[in-house]
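Participant: One structure is given below, represented as structure tokens, and several questions about it will come after.
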Amino acid sequence: MDTLYRTPVAALGDDARAAFLTRTYTHLLGAILAFAGIEIFLFSSGLAQPIAGALLNAPGGWLMVLGAFVIGGTVASSVAARAESKGAQYAALAGYIVLEALIFVPLLYMAFLQVPSAIGNAAWVTVFGFSGLTAVAFFSGKDFSFLGSFIKWAGILAIVAIVCGVLFGFNLGLWFSVAMVGLAGASILWTTSRILREYPQDRYISASLELFAAVALMFWYVLRIFMSRD
């Protein structure tokens, strides 16, 4: 492999860096639009209700959703980061988009029944939040790599709390959702900083997948906050 493609874009010229970022965020936009398109299809076709019912009524349904969320994201990110062929990277991104779309069905279905306006409101808050955090990462000039350890351990604690909540039947409440939005925001800063400083120019698909995962996490918990206001 040409060493050019193992060199972080931060060490290359402005044109290479601009091309990499354009590709990354174009793919991120494409992933978001594909996710939205799948959800529109599932709801307009009537498939959302049986999918939501199957996931929610299965033994340990929410644990299955959590497991798919965590394991699916880890596997897809690993495949996209390691695969040499563009086809394999695109397959990982596409698979992750489909998986996320299915995982979101129960939450979106409950929101649709309980607080329909919450979906649009949460989407706009997520867009503005992501845009603001991305601007901070781009224009502050700071290295947010120090957030990596915090995100790792906070993520582990969050998973433990969610599993305990499902197993023992207690509600984690509004403030847990607020904390998770903060964790998603930290993940956006950390991922954006890594993209700017560490990623080689052929890994824009992997970069877009990681950003999409952080955006999805933020949207999930922003939506839960809006639903809790009902």
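Residue numbers start at 1 in each chain; chains themselves are named A, B, ... in the order of the structure tokens; ligands are numbered from 1 in the order shown.
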Using only C-alpha atoms, which residues sit within 12 Å of range 124-127 of chain A once same-chain residues fewer than 4 positions away are excluded, as a list in words?
Facilitator: Leu29, Ile32, Ser117, Ala118, Ile119, Gly120, Ser131, Gly132, Leu133, Thr134, Val181, Gly182, Ala184, Gly185, Ile188, Phe212, Ala214, Val215, Ala216, Leu217, Met218, Phe219, Trp220, Tyr221, Val222, Leu223, Ile225 and Phe226 of chain A
Participant: Neighbours of Glu100 in chain A within 8 Å (only C-alpha atoms; same-chain residues fewer than 2 positions away dropped), as a list in words?
Facilitator: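 Residues meeting the cut-off are Phe35, Phe69, Tyr96, Ile97, Val98, Leu102, Ile103, Phe104 and Ala216 of chain A.
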Participant: Please dump the current selection as a compact mmCIF listing (two decimals), in the first residue's frame; keep C-alpha atoms.
Facilitator:
# COMPACT_ATOMS: atom_id res chain seq x y z
CA PHE A 35 -31.22 6.00 7.66
CA PHE A 69 -26.32 -1.23 19.29
CA TYR A 96 -24.51 -0.47 10.14
CA ILE A 97 -27.08 1.95 8.70
CA VAL A 98 -29.61 -0.86 8.28
CA LEU A 102 -33.97 -1.45 12.86
CA ILE A 103 -32.71 -0.66 16.36
CA PHE A 104 -34.44 2.72 16.29
CA ALA A 216 -27.21 8.26 16.25
Participant: Tell me, in Å to one decimal, how far CA of Ala207 in chain A is from CA of Gly95 in chain A.
Facilitator: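 Separation of CA of Ala207 in chain A and CA of Gly95 in chain A: 15.3 Å.
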Participant: Using Å and a single decimal, report how far CA of Gly148 in chain A sits from CA of Trp190 in chain A.
Facilitator: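 Distance reported for this atom pair: 6.6 Å.
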Participant: Considering only C-alpha atoms, state which residue in the set A:Ala213, A:Met227, A:Leu47, A:Ile205 is at the smallest distance from Thr22 in chain A.
Facilitator: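 Closest to Thr22 in chain A of all the choices is A:Ile205.
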Participant: Could you work out how far CA of Ala101 in chain A lies from CA of Leu42 in chain A, giving the answer in Å with one decimal?
Facilitator: 9.1 Å
Participant: Measuring between only C-alpha atoms, which one of A:Val178, A:Arg203, A:Pro50, A:Leu209 shows the shortest distance to Ser85 in chain A?
Facilitator: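 With only C-alpha atoms as the atom set, the closest residue is A:Arg203.
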